[in-house]
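Encoded as structure tokens, the structure appears first; notes follow it.
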Amino acid sequence: MSRKKIEKTNAMRILDRAGVAYEVLTYPVDENDLSGEHAAAALGLDPAMVFKTLVLRGDKGGFLVACIPVLETLDLKALARVSGNKRVEMIHVADLFGLTGYVRGGCSPIGMKKPFPTYLHQSAERLERMVFSAGQRGMQIVAAPADLIKAADAQLCWITAGQDE
């Protein structure tokens with residue numbers, strides 16, 4: 001019996017170079033539902049440990065990345081505050097690939113064309129392992145939050161609706 005070899009993504013190559021231990025999980029892609037919630041369900045994982053990657057533009061600081069649990073809603077005002085902007089807004093999906101090299105449903109917080117300031121939801125620090133996109137639809141990385149923080153040079157902060165710092 002042969003196992004299909006997984007082709008490395010930019011995110012995996014970065015983690016390999018950093019000596020980070022991680023696991024890759026794959027699941028069938030549903031083009032009608034590219035949500036992180038679907039990924040968590042398809043993998044049978046607690047959604048609190050599965051994070052989605054959102055790319056935004058700040059009015060002062062340029063582009064930035066938010067990584068939050070898949071069931072949470074980003075608080076734009078909170079992200080603007082921690083990132084030193086007056087306001088932030090999501091980029092258009094049509095601009096995602098050109099800016100990051102990733103497509104919707106397969107955007108990893110690491111391995112983008114350029115590094116952007118990255119803000120990771122504070123709840124990650126309570127987790128032993130977290131799950132985030134490997135940079136390809138249907139593929140997720142399982143790693144320690146500290147390793148993602150280091151690889152993405154991420155800042156931990158409360159950036160979802162209804163959260164207090």
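Chain labels run A, B, ... following the order of the structure tokens; each chain numbers its residues from 1, and ligands are numbered from 1 in the order shown.
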
Item to complete: List the neighbours of stretch 115-127 of chain A out to 8 Å using only C-alpha atoms; skip same-chain residues closer than 3 positions along the sequence, and give me the result as an MDAnalysis selection string.
Response: chainID A and resid 49 63:69 79 109:112 130 144:146 149 152:160

Selected residues written out with N, CA and C atoms, as a short mmCIF file (atom, residue, chain, number, x, y, z; two decimals), in the first residue's frame:
```cif
data_model
loop_
_atom_site.label_atom_id
_atom_site.label_comp_id
_atom_site.auth_asym_id
_atom_site.auth_seq_id
_atom_site.Cartn_x
_atom_site.Cartn_y
_atom_site.Cartn_z
N MET A 49 -9.77 25.15 18.81
CA MET A 49 -8.34 24.97 18.54
C MET A 49 -7.99 25.21 17.07
N PHE A 63 -0.97 46.63 5.41
CA PHE A 63 -1.61 45.32 5.54
C PHE A 63 -1.24 44.65 6.85
N LEU A 64 -2.16 43.83 7.36
CA LEU A 64 -1.93 43.08 8.58
C LEU A 64 -2.75 41.80 8.55
N VAL A 65 -2.41 40.89 9.44
CA VAL A 65 -3.03 39.57 9.49
C VAL A 65 -3.59 39.34 10.89
N ALA A 66 -4.81 38.78 10.93
CA ALA A 66 -5.43 38.37 12.19
C ALA A 66 -5.66 36.88 12.12
N CYS A 67 -5.38 36.19 13.20
CA CYS A 67 -5.57 34.75 13.27
C CYS A 67 -6.43 34.49 14.51
N ILE A 68 -7.67 34.04 14.26
CA ILE A 68 -8.65 33.90 15.35
C ILE A 68 -9.35 32.55 15.26
N PRO A 69 -9.92 32.06 16.37
CA PRO A 69 -10.68 30.80 16.32
C PRO A 69 -11.80 30.88 15.29
N LEU A 79 -8.81 45.26 16.80
CA LEU A 79 -7.61 45.04 15.99
C LEU A 79 -6.98 46.37 15.59
N PRO A 109 -1.14 31.85 8.08
CA PRO A 109 -0.57 33.07 8.67
C PRO A 109 0.94 33.17 8.47
N ILE A 110 1.56 32.10 7.94
CA ILE A 110 3.00 32.16 7.65
C ILE A 110 3.23 31.77 6.19
N GLY A 111 4.31 32.27 5.64
CA GLY A 111 4.67 31.91 4.27
C GLY A 111 4.03 32.77 3.20
N MET A 112 3.53 33.93 3.57
CA MET A 112 2.96 34.84 2.56
C MET A 112 4.10 35.45 1.75
N MET A 130 -2.45 23.97 18.38
CA MET A 130 -3.47 24.71 17.64
C MET A 130 -3.41 24.28 16.18
N ALA A 144 2.39 23.79 18.09
CA ALA A 144 2.28 24.52 19.36
C ALA A 144 2.09 26.00 19.05
N PRO A 145 1.21 26.69 19.80
CA PRO A 145 1.01 28.12 19.58
C PRO A 145 2.32 28.92 19.62
N ALA A 146 3.22 28.56 20.51
CA ALA A 146 4.49 29.29 20.62
C ALA A 146 5.28 29.21 19.32
N ILE A 149 3.66 31.66 16.91
CA ILE A 149 4.01 33.02 17.34
C ILE A 149 5.41 33.37 16.86
N ALA A 152 5.57 33.48 12.80
CA ALA A 152 4.85 34.61 12.22
C ALA A 152 5.21 35.93 12.89
N ASP A 153 6.06 35.88 13.91
CA ASP A 153 6.37 37.06 14.71
C ASP A 153 5.07 37.71 15.17
N ALA A 154 4.17 36.87 15.67
CA ALA A 154 2.82 37.30 16.02
C ALA A 154 2.74 37.88 17.42
N GLN A 155 1.79 38.77 17.58
CA GLN A 155 1.48 39.38 18.87
C GLN A 155 0.17 38.78 19.38
N LEU A 156 0.17 38.30 20.62
CA LEU A 156 -1.06 37.80 21.23
C LEU A 156 -1.92 38.97 21.70
N CYS A 157 -3.22 38.92 21.40
CA CYS A 157 -4.12 39.98 21.84
C CYS A 157 -5.58 39.53 21.73
N TRP A 158 -6.45 40.23 22.43
CA TRP A 158 -7.88 39.97 22.36
C TRP A 158 -8.44 40.78 21.19
N ILE A 159 -8.88 40.10 20.15
CA ILE A 159 -9.31 40.81 18.94
C ILE A 159 -10.62 40.27 18.38
N THR A 160 -11.43 39.63 19.25
CA THR A 160 -12.72 39.14 18.76
C THR A 160 -13.85 39.84 19.50
#
```

Show me, as a PDB file with C-alpha atoms, in the first residue's frame, the residues that have an atom within 9 Å of A:Glu23 when counting only C-alpha atoms, minus same-chain residues fewer than 3 positions from it.
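Result file follows (selection_37.pdb):
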```
ATOM      1  CA  GLN A 140      -4.096  22.146   8.037  1.00  0.00           C
ATOM      2  CA  ILE A 141      -1.035  22.321  10.291  1.00  0.00           C
ATOM      3  CA  VAL A 142      -1.119  21.239  13.935  1.00  0.00           C
ATOM      4  CA  ALA A 143       1.599  22.924  16.008  1.00  0.00           C
TER       5      ALA A 143
END
```

Could you name the residues that touch stretch 40-44 of chain A at 12 Å or less, counting only C-alpha atoms, but leaving out those on the same chain fewer than 2 positions away, as a CSV table (one decimal) with C-alpha atoms, in the first residue's frame?
```csv
chain,number,residue,atom,x,y,z
A,24,VAL,CA,-0.3,17.9,8.7
A,25,LEU,CA,-4.0,17.0,8.5
A,26,THR,CA,-5.9,16.8,5.3
A,27,TYR,CA,-9.6,16.7,4.5
A,28,PRO,CA,-11.8,16.8,1.4
A,29,VAL,CA,-12.4,20.3,0.1
A,30,ASP,CA,-16.0,21.4,-0.3
A,33,ASP,CA,-18.0,25.8,2.1
A,34,LEU,CA,-14.4,26.9,2.5
A,35,SER,CA,-14.9,28.0,6.1
A,36,GLY,CA,-12.7,27.1,9.0
A,37,GLU,CA,-15.8,25.8,10.8
A,38,HIS,CA,-16.2,23.2,8.0
A,46,ASP,CA,-12.8,21.2,18.6
A,47,PRO,CA,-13.4,24.5,16.7
A,48,ALA,CA,-11.7,26.4,19.6
A,49,MET,CA,-8.3,25.0,18.5
A,50,VAL,CA,-8.8,25.7,14.8
A,51,PHE,CA,-7.8,29.2,13.7
A,52,LYS,CA,-8.7,31.1,10.6
A,69,PRO,CA,-10.7,30.8,16.3
A,70,VAL,CA,-13.0,29.8,13.5
A,71,LEU,CA,-16.2,30.3,15.4
A,130,MET,CA,-3.5,24.7,17.6
A,131,VAL,CA,-4.5,24.2,14.0
A,132,PHE,CA,-4.1,26.7,11.2
A,133,SER,CA,-4.0,26.5,7.4
A,138,GLY,CA,-7.9,20.9,2.5
A,139,MET,CA,-4.6,21.0,4.4
A,140,GLN,CA,-4.1,22.1,8.0
A,141,ILE,CA,-1.0,22.3,10.3
A,142,VAL,CA,-1.1,21.2,13.9
```

Practice prompt. Check stretch 2-133 of chain A with DSSP on the backbone and list each residue it calls alpha helix (DSSP H), as a PyMOL selection string.
Written response: chain A and resi 10-17+36-43+76-83+93-100

Take the residues from that selection and put them in a file with N, CA and C atoms, as a short mmCIF file (atom, residue, chain, number, x, y, z; two decimals), in the first residue's frame.
```
data_model
loop_
_atom_site.label_atom_id
_atom_site.label_comp_id
_atom_site.auth_asym_id
_atom_site.auth_seq_id
_atom_site.Cartn_x
_atom_site.Cartn_y
_atom_site.Cartn_z
N ASN A 10 4.68 26.65 1.41
CA ASN A 10 5.60 27.65 1.97
C ASN A 10 5.59 27.60 3.49
N ALA A 11 4.39 27.48 4.07
CA ALA A 11 4.27 27.44 5.53
C ALA A 11 5.05 26.26 6.11
N MET A 12 4.93 25.10 5.49
CA MET A 12 5.65 23.92 5.98
C MET A 12 7.16 24.09 5.85
N ARG A 13 7.60 24.65 4.73
CA ARG A 13 9.05 24.85 4.53
C ARG A 13 9.61 25.81 5.59
N ILE A 14 8.86 26.84 5.92
CA ILE A 14 9.31 27.78 6.96
C ILE A 14 9.42 27.07 8.31
N LEU A 15 8.42 26.27 8.64
CA LEU A 15 8.45 25.53 9.92
C LEU A 15 9.60 24.52 9.92
N ASP A 16 9.84 23.86 8.77
CA ASP A 16 10.96 22.91 8.68
C ASP A 16 12.28 23.63 8.93
N ARG A 17 12.49 24.78 8.28
CA ARG A 17 13.74 25.53 8.47
C ARG A 17 13.92 25.97 9.91
N GLY A 36 -13.44 27.83 8.00
CA GLY A 36 -12.68 27.14 9.02
C GLY A 36 -13.55 26.23 9.86
N GLU A 37 -14.81 26.63 10.02
CA GLU A 37 -15.76 25.79 10.77
C GLU A 37 -15.95 24.45 10.05
N HIS A 38 -16.04 24.49 8.74
CA HIS A 38 -16.15 23.24 7.96
C HIS A 38 -14.89 22.40 8.12
N ALA A 39 -13.73 23.05 8.07
CA ALA A 39 -12.46 22.32 8.23
C ALA A 39 -12.42 21.62 9.58
N ALA A 40 -12.81 22.33 10.65
CA ALA A 40 -12.82 21.73 11.98
C ALA A 40 -13.75 20.52 12.03
N ALA A 41 -14.95 20.67 11.47
CA ALA A 41 -15.91 19.57 11.47
C ALA A 41 -15.40 18.39 10.65
N ALA A 42 -14.83 18.66 9.47
CA ALA A 42 -14.33 17.60 8.60
C ALA A 42 -13.20 16.82 9.26
N LEU A 43 -12.44 17.49 10.12
CA LEU A 43 -11.32 16.85 10.81
C LEU A 43 -11.71 16.30 12.18
N LEU A 76 -13.09 44.56 14.60
CA LEU A 76 -12.24 45.47 13.82
C LEU A 76 -11.68 46.61 14.66
N LYS A 77 -12.49 47.12 15.58
CA LYS A 77 -12.02 48.23 16.43
C LYS A 77 -10.90 47.77 17.36
N ALA A 78 -11.03 46.57 17.91
CA ALA A 78 -9.99 46.04 18.79
C ALA A 78 -8.69 45.82 18.02
N LEU A 79 -8.81 45.26 16.80
CA LEU A 79 -7.61 45.04 15.99
C LEU A 79 -6.98 46.37 15.59
N ALA A 80 -7.80 47.35 15.24
CA ALA A 80 -7.26 48.68 14.90
C ALA A 80 -6.48 49.24 16.08
N ARG A 81 -7.05 49.11 17.26
CA ARG A 81 -6.41 49.64 18.48
C ARG A 81 -5.05 48.98 18.72
N VAL A 82 -4.98 47.65 18.68
CA VAL A 82 -3.71 46.98 19.00
C VAL A 82 -2.68 47.14 17.89
N SER A 83 -3.15 47.42 16.67
CA SER A 83 -2.23 47.54 15.54
C SER A 83 -1.79 48.98 15.27
N VAL A 93 -11.47 39.67 -1.48
CA VAL A 93 -11.03 38.31 -1.79
C VAL A 93 -10.23 38.29 -3.09
N ALA A 94 -10.62 39.10 -4.06
CA ALA A 94 -9.92 39.16 -5.35
C ALA A 94 -8.46 39.60 -5.20
N ASP A 95 -8.14 40.31 -4.12
CA ASP A 95 -6.78 40.80 -3.90
C ASP A 95 -5.93 39.82 -3.08
N LEU A 96 -6.54 38.80 -2.53
CA LEU A 96 -5.84 37.90 -1.59
C LEU A 96 -4.65 37.20 -2.23
N PHE A 97 -4.84 36.56 -3.37
CA PHE A 97 -3.76 35.80 -3.98
C PHE A 97 -2.58 36.69 -4.37
N GLY A 98 -2.86 37.81 -5.01
CA GLY A 98 -1.79 38.71 -5.42
C GLY A 98 -0.98 39.24 -4.26
N LEU A 99 -1.63 39.47 -3.15
CA LEU A 99 -0.96 40.02 -1.97
C LEU A 99 -0.21 38.97 -1.17
N THR A 100 -0.84 37.79 -1.01
CA THR A 100 -0.29 36.78 -0.10
C THR A 100 0.29 35.54 -0.79
#
```

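Taking atom CA of A:Gly101 and atom CA of A:Ala161 as endpoints, the distance between them is 28.3 Å.
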
Discussion item. To one decimal place in Å, what is the distance between atom CA of A:Ala151 and atom CA of A:Lys86?
Written reply: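 Distance between the two atoms: 27.0 Å.
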
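Across the structure, atom CA of A:Ala18 and atom CA of A:Ile6 are spaced 19.1 Å apart.
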